[in-house]
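> Take a look at the following structure, please.
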Amino acid sequence: MHARITDLLRADSAPESEIILCGWVRTRRDSKAFSFLEINDGSCLAGLQVVIDANRPGYDTISAATTGASVRLTGRIIPSPGKGQRWEMQASSLEVLGSADESYPLQKKGHTPEFLRTIAHLRPRTNLFGAVFRTRSRLALAVHRFFEQRGFFHAHTPIITTSDCEGAGEMFRVTTLDTDLAARAHEDFFKRQAFLTVSGQLEGETMACALGRIYTFGPTFRAENSHTPRHAAEFWMIEPEAAFLDLEGDINLAEDFVRFLIETMLGECAEDLAFFNRFIDKGLTERLQASAASTFVRMPYTEAIEILQRSGREFEYPVEWGLALQAEHERFLTEEHCKAPVTVHDYPASIKPFYMRRNDDERTAAAMDLLVPGIGELIGGAQREERLPVLEENFKHHGISKEDYQWYLDLRRYGTVPHAGFGLGFERLLMFLTGVRNIRDVIPFPRTAGNAGTLSKA
């Protein structure tokens with residue numbers, strides 16, 4: 001097995017014998033007697049300098065080792081006399097595995113994210129996207145680690161569903177029919193209308209009401225014809241659900257989760273974080289450190305509205321009790337008023353979905369949003385309505401068919417319990433932790449309105 005550059009650069013001592021190194025050429029400089037190659041294998045941000053003498057096997061193919069070409073090198077790791085890198089390779093042989101001609105679009109120059117979105121199949125080779133996708137992998141593992149440590153079971157909920165959890169109707173239809181979809185639903189594959197899921201929450205509640213604590217982590221879909229930097233048609237959601245949990249416990253879990261992920265970013269992604277801080281968002285590291293060290297502020301929705309109204313700020317969207325908070329309101333609360341993450345709770349029931357528990361005041365629901373600097377809402381959650389009569393009343397108010405959701409009512413009919421959960425968009429989390437401002441740039445192959453291909457529009 002060939003060596004990885006990240007392991008070589010972290011080693012306290014060089015391997016005693018020759019090693020094999022595989023990767024892609026970033027740059028090459030030639031002299032009469034030898035050549036310098038910078039090789040990157042994707043395992044870390046840094047490349048490894050390789051020196052190969054002109055008399056070594058394979059040197060006659062050095063002209064094919066252009067930027068973008070893949071190579072296999074054999075040699076010894078020695079201390080580097082140059083600045084900025086501890087080790088380099090003295091190569092004993094070179095093999096060009098795959099050449100790259102002059103049309104290779106990632107030459108040694110800067111490229112805009114907009115351009116790189118048009119070559120999604122090649123952009124992971126750049127510093128920015130290599131860092132983003134390594135971070136994505138490490139944080140996905142951290143998500144599983146967090147819940148495993150707290151006794152949650154990982155549950156797989158359906159991607160094809162007949163339930164509209166959010167009630168917005170912006171769902172992708174799954175069908176084998178060509179025409180008259182609604183009228184001929186009984187002829188379709190599932191004998192009824194089916195969709196790609198927007199959330200695994202409702203099925204997650206079923207699992208939590210049997211296993212106690214579960215979480216889902218998988219793809220979700222929304223047919224929202226939006227072209228903003230915050231929206232994608234396909235994205236990943238993290239959705240824990242826990243039985244015997246109330247709103248306060250839900251808030252505690254959400255805040256612990258966010259703090260854990262921030263600390264993971266600071267502790268396990270230091271090299272890539274330094275890159276983001278230098279080139280993407282110069283205040284990122286300081287903001288994450290401040291968030292990790294701060295006490296998360298909690299306030300009722302009513303208090304948040306009063307703070308916004310007293311701020312003296314002219315907001316684009318109106319600030320009135322009964323209206324949803326917008327991103328500009330959320331960022332004011334976190335970045336200017338509290339200078340810390342903020343959890344807003346007890347929202348007006350009229351603007352929340354049917355499954356959120358109604359509070360005793362009959363005006364508000366046991367709902368919460370966790371807001372963070374730089375992003376706004378990161379997590380949305382609630383205590384679920386566990387009382388059968390109240391849930392049936394909510395169904396009537398929202399125009400939901402009891403027949404279609406009989407199974408959901410059964411959870412309240414047979415051994416109902418207080419339970420709660422939340423949802424966190426994984427891509428929004430990545431935007432918060434990397435400083436990247438466009439959701440298209442934290443997804444390997446983004447699916448947005450008008451784009452479902454690998455060669456995408458910017």
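For the structure tokens, the naming scheme is as follows: chains receive sequential letters (A, B, ...) according to their order of presentation, residues are indexed from 1 within each chain, and ligands are indexed from 1 in presentation order.
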Step one, run DSSP on the backbone; step two, keep only residues of segment 217-396 of chain A assigned to helix (DSSP H, G or I); then write them as a count of residues only.

75

> At a cut-off of 10 Å, using only C-alpha atoms, what residues contact Gln193 of chain A? Leave out same-chain residues fewer than 2 positions from it and give the result as an MDAnalysis selection string.

chainID A and resid 161:163 173:175 181:191 195

> DSSP says strand (DSSP E) for which residues of segment 107-330 of chain A? Put them as a PyMOL selection string?

chain A and resi 153-154+160-161+173-174+194-196+213-221+234-243+297-300

> Take the selection from the previous step and output its residues with N, CA and C atoms, as a JSON list (two decimals), in the first residue's frame.


[["chain", "number", "residue", "atom", "x", "y", "z"],
["A", 153, "PHE", "N", -29.56, 5.50, 18.98],
["A", 153, "PHE", "CA", -29.43, 4.52, 17.92],
["A", 153, "PHE", "C", -29.61, 5.21, 16.56],
["A", 154, "HIS", "N", -28.80, 4.82, 15.60],
["A", 154, "HIS", "CA", -28.90, 5.38, 14.25],
["A", 154, "HIS", "C", -30.03, 4.66, 13.51],
["A", 160, "ILE", "N", -38.37, 7.46, 0.15],
["A", 160, "ILE", "CA", -39.66, 7.55, -0.55],
["A", 160, "ILE", "C", -40.75, 7.54, 0.51],
["A", 161, "THR", "N", -41.63, 8.53, 0.49],
["A", 161, "THR", "CA", -42.62, 8.69, 1.55],
["A", 161, "THR", "C", -43.94, 9.18, 0.97],
["A", 173, "ARG", "N", -42.18, 14.48, -6.79],
["A", 173, "ARG", "CA", -43.06, 13.34, -6.99],
["A", 173, "ARG", "C", -42.27, 12.14, -7.50],
["A", 174, "VAL", "N", -42.55, 10.97, -6.95],
["A", 174, "VAL", "CA", -41.96, 9.71, -7.42],
["A", 174, "VAL", "C", -43.04, 8.95, -8.17],
["A", 194, "ALA", "N", -46.60, 9.33, -4.14],
["A", 194, "ALA", "CA", -45.41, 9.17, -3.31],
["A", 194, "ALA", "C", -44.40, 10.25, -3.68],
["A", 195, "PHE", "N", -43.52, 10.57, -2.71],
["A", 195, "PHE", "CA", -42.62, 11.70, -2.88],
["A", 195, "PHE", "C", -41.25, 11.36, -2.30],
["A", 196, "LEU", "N", -40.26, 12.17, -2.66],
["A", 196, "LEU", "CA", -38.98, 12.13, -1.98],
["A", 196, "LEU", "C", -39.11, 12.91, -0.68],
["A", 213, "ARG", "N", -34.17, 6.57, 22.16],
["A", 213, "ARG", "CA", -33.38, 7.65, 21.56],
["A", 213, "ARG", "C", -32.85, 7.21, 20.20],
["A", 214, "ILE", "N", -33.18, 7.98, 19.18],
["A", 214, "ILE", "CA", -32.69, 7.64, 17.84],
["A", 214, "ILE", "C", -32.25, 8.93, 17.15],
["A", 215, "TYR", "N", -31.49, 8.78, 16.07],
["A", 215, "TYR", "CA", -31.20, 9.91, 15.20],
["A", 215, "TYR", "C", -31.14, 9.42, 13.76],
["A", 216, "THR", "N", -31.49, 10.28, 12.85],
["A", 216, "THR", "CA", -31.36, 9.99, 11.43],
["A", 216, "THR", "C", -30.30, 10.92, 10.85],
["A", 217, "PHE", "N", -29.64, 10.48, 9.81],
["A", 217, "PHE", "CA", -28.63, 11.29, 9.13],
["A", 217, "PHE", "C", -28.63, 10.84, 7.68],
["A", 218, "GLY", "N", -29.34, 11.57, 6.84],
["A", 218, "GLY", "CA", -29.47, 11.12, 5.47],
["A", 218, "GLY", "C", -29.96, 12.22, 4.55],
["A", 219, "PRO", "N", -30.08, 11.89, 3.26],
["A", 219, "PRO", "CA", -30.49, 12.90, 2.27],
["A", 219, "PRO", "C", -31.97, 13.23, 2.37],
["A", 220, "THR", "N", -32.28, 14.49, 2.14],
["A", 220, "THR", "CA", -33.66, 14.97, 2.06],
["A", 220, "THR", "C", -33.76, 15.87, 0.84],
["A", 221, "PHE", "N", -35.01, 16.15, 0.41],
["A", 221, "PHE", "CA", -35.21, 16.80, -0.87],
["A", 221, "PHE", "C", -36.32, 17.83, -0.75],
["A", 234, "GLU", "N", -31.33, 19.03, -2.96],
["A", 234, "GLU", "CA", -30.92, 17.81, -2.26],
["A", 234, "GLU", "C", -29.92, 18.20, -1.19],
["A", 235, "PHE", "N", -30.19, 17.81, 0.04],
["A", 235, "PHE", "CA", -29.30, 18.16, 1.14],
["A", 235, "PHE", "C", -29.42, 17.09, 2.21],
["A", 236, "TRP", "N", -28.55, 17.13, 3.20],
["A", 236, "TRP", "CA", -28.52, 16.11, 4.25],
["A", 236, "TRP", "C", -29.01, 16.70, 5.56],
["A", 237, "MET", "N", -29.83, 15.91, 6.26],
["A", 237, "MET", "CA", -30.39, 16.36, 7.54],
["A", 237, "MET", "C", -29.98, 15.42, 8.67],
["A", 238, "ILE", "N", -29.74, 16.01, 9.82],
["A", 238, "ILE", "CA", -29.49, 15.28, 11.06],
["A", 238, "ILE", "C", -30.70, 15.53, 11.96],
["A", 239, "GLU", "N", -31.40, 14.45, 12.34],
["A", 239, "GLU", "CA", -32.65, 14.61, 13.08],
["A", 239, "GLU", "C", -32.73, 13.62, 14.24],
["A", 240, "PRO", "N", -32.35, 14.04, 15.45],
["A", 240, "PRO", "CA", -32.55, 13.19, 16.61],
["A", 240, "PRO", "C", -33.97, 13.30, 17.14],
["A", 241, "GLU", "N", -34.46, 12.22, 17.70],
["A", 241, "GLU", "CA", -35.74, 12.18, 18.41],
["A", 241, "GLU", "C", -35.55, 11.37, 19.68],
["A", 242, "ALA", "N", -36.13, 11.86, 20.78],
["A", 242, "ALA", "CA", -35.95, 11.17, 22.06],
["A", 242, "ALA", "C", -37.26, 11.12, 22.82],
["A", 243, "ALA", "N", -37.62, 9.93, 23.29],
["A", 243, "ALA", "CA", -38.80, 9.78, 24.14],
["A", 243, "ALA", "C", -38.50, 10.29, 25.54],
["A", 297, "VAL", "N", -27.17, 31.91, 24.86],
["A", 297, "VAL", "CA", -28.26, 32.72, 25.41],
["A", 297, "VAL", "C", -29.59, 32.08, 25.04],
["A", 298, "ARG", "N", -30.53, 32.10, 25.99],
["A", 298, "ARG", "CA", -31.89, 31.62, 25.72],
["A", 298, "ARG", "C", -32.88, 32.74, 25.96],
["A", 299, "MET", "N", -33.85, 32.85, 25.05],
["A", 299, "MET", "CA", -34.89, 33.88, 25.24],
["A", 299, "MET", "C", -36.18, 33.43, 24.56],
["A", 300, "PRO", "N", -37.34, 33.76, 25.15],
["A", 300, "PRO", "CA", -38.61, 33.48, 24.48],
["A", 300, "PRO", "C", -38.74, 34.33, 23.21]]

> Do you know which residues are at most 12 Å from segment 61-74 of chain A counting only C-alpha atoms, after dropping those on the same chain fewer than 6 positions away, and could you put them as a ChimeraX atom specification?

/A:1-3,17-31,34-41,48-55,89-109,122-123,125-126

> Which residue is closest to Gly84 of chain A? Choose from A:Leu9, A:Asn127, A:Thr118, A:Gly380 and count only C-alpha atoms.

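The shortest atom-to-atom distance to Gly84 of chain A comes from A:Leu9.
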
> Within 12 Å of Lys402 of chain A, counting only C-alpha atoms, which residues qualify if same-chain residues fewer than 5 places away don't, as a PDB file with N, CA and C atoms, in the first residue's frame?


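Once written, result-v3.pdb looks like this:
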ATOM      1  N   SER A 163     -45.747  11.043   3.266  1.00  0.00           N
ATOM      2  CA  SER A 163     -46.014  12.061   4.281  1.00  0.00           C
ATOM      3  C   SER A 163     -45.335  13.369   3.914  1.00  0.00           C
ATOM      4  N   LEU A 388     -53.451  13.034  22.173  1.00  0.00           N
ATOM      5  CA  LEU A 388     -54.262  12.644  21.027  1.00  0.00           C
ATOM      6  C   LEU A 388     -55.333  13.668  20.684  1.00  0.00           C
ATOM      7  N   LEU A 391     -53.745  16.755  19.100  1.00  0.00           N
ATOM      8  CA  LEU A 391     -53.189  16.473  17.783  1.00  0.00           C
ATOM      9  C   LEU A 391     -54.300  16.356  16.741  1.00  0.00           C
ATOM     10  N   GLU A 392     -55.409  15.717  17.108  1.00  0.00           N
ATOM     11  CA  GLU A 392     -56.535  15.607  16.171  1.00  0.00           C
ATOM     12  C   GLU A 392     -57.095  16.989  15.846  1.00  0.00           C
ATOM     13  N   GLU A 393     -57.117  17.858  16.828  1.00  0.00           N
ATOM     14  CA  GLU A 393     -57.569  19.233  16.585  1.00  0.00           C
ATOM     15  C   GLU A 393     -56.593  19.955  15.651  1.00  0.00           C
ATOM     16  N   ASN A 394     -55.299  19.722  15.841  1.00  0.00           N
ATOM     17  CA  ASN A 394     -54.298  20.318  14.950  1.00  0.00           C
ATOM     18  C   ASN A 394     -54.481  19.832  13.519  1.00  0.00           C
ATOM     19  N   PHE A 395     -54.812  18.545  13.375  1.00  0.00           N
ATOM     20  CA  PHE A 395     -55.054  17.996  12.041  1.00  0.00           C
ATOM     21  C   PHE A 395     -56.173  18.769  11.344  1.00  0.00           C
ATOM     22  N   LYS A 396     -57.257  19.023  12.064  1.00  0.00           N
ATOM     23  CA  LYS A 396     -58.381  19.759  11.488  1.00  0.00           C
ATOM     24  C   LYS A 396     -57.956  21.162  11.078  1.00  0.00           C
ATOM     25  N   HIS A 397     -57.199  21.817  11.949  1.00  0.00           N
ATOM     26  CA  HIS A 397     -56.785  23.193  11.690  1.00  0.00           C
ATOM     27  C   HIS A 397     -55.894  23.275  10.457  1.00  0.00           C
ATOM     28  N   TRP A 407     -51.367   6.009  11.455  1.00  0.00           N
ATOM     29  CA  TRP A 407     -50.221   5.431  12.168  1.00  0.00           C
ATOM     30  C   TRP A 407     -49.596   6.441  13.130  1.00  0.00           C
ATOM     31  N   TYR A 408     -49.587   7.712  12.722  1.00  0.00           N
ATOM     32  CA  TYR A 408     -49.011   8.754  13.576  1.00  0.00           C
ATOM     33  C   TYR A 408     -49.900   8.994  14.792  1.00  0.00           C
ATOM     34  N   LEU A 409     -51.213   8.934  14.594  1.00  0.00           N
ATOM     35  CA  LEU A 409     -52.135   9.064  15.720  1.00  0.00           C
ATOM     36  C   LEU A 409     -52.019   7.869  16.659  1.00  0.00           C
ATOM     37  N   ASP A 410     -51.722   6.695  16.109  1.00  0.00           N
ATOM     38  CA  ASP A 410     -51.587   5.505  16.952  1.00  0.00           C
ATOM     39  C   ASP A 410     -50.491   5.658  18.002  1.00  0.00           C
TER      40      ASP A 410
END

> Using only C-alpha atoms, which residue out of A:Leu245, A:Ile159, A:Ala452, A:Val390 lies closest to Glu203 of chain A?

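The closest residue to Glu203 of chain A is A:Ile159.
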
> Could you please determine the separation between atom CA of Ala223 of chain A and atom CA of Ile443 of chain A in Å, to one decimal place?

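Interatomic distance here is 17.1 Å.
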
> Pick out the residues sitting within 10 Å of segment 129-144 of chain A, and hand them over as a PyMOL selection string; count only C-alpha atoms, and ignore anything fewer than 6 positions along from it in its own chain.

chain A and resi 42-45+113+116+120+122-123+152-154+215-217+238+257-258+260-262+264-265+268-273+275-276+426-427+429-431+433-434+436+441-444

> Excluding Gly322 of chain A and its own-chain neighbours fewer than 5 positions away, which residues fall within 8 Å of it when counting only C-alpha atoms? Please give them as a list in words.

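Residues meeting the cut-off are Pro348, Ser350 and Ile351 of chain A.
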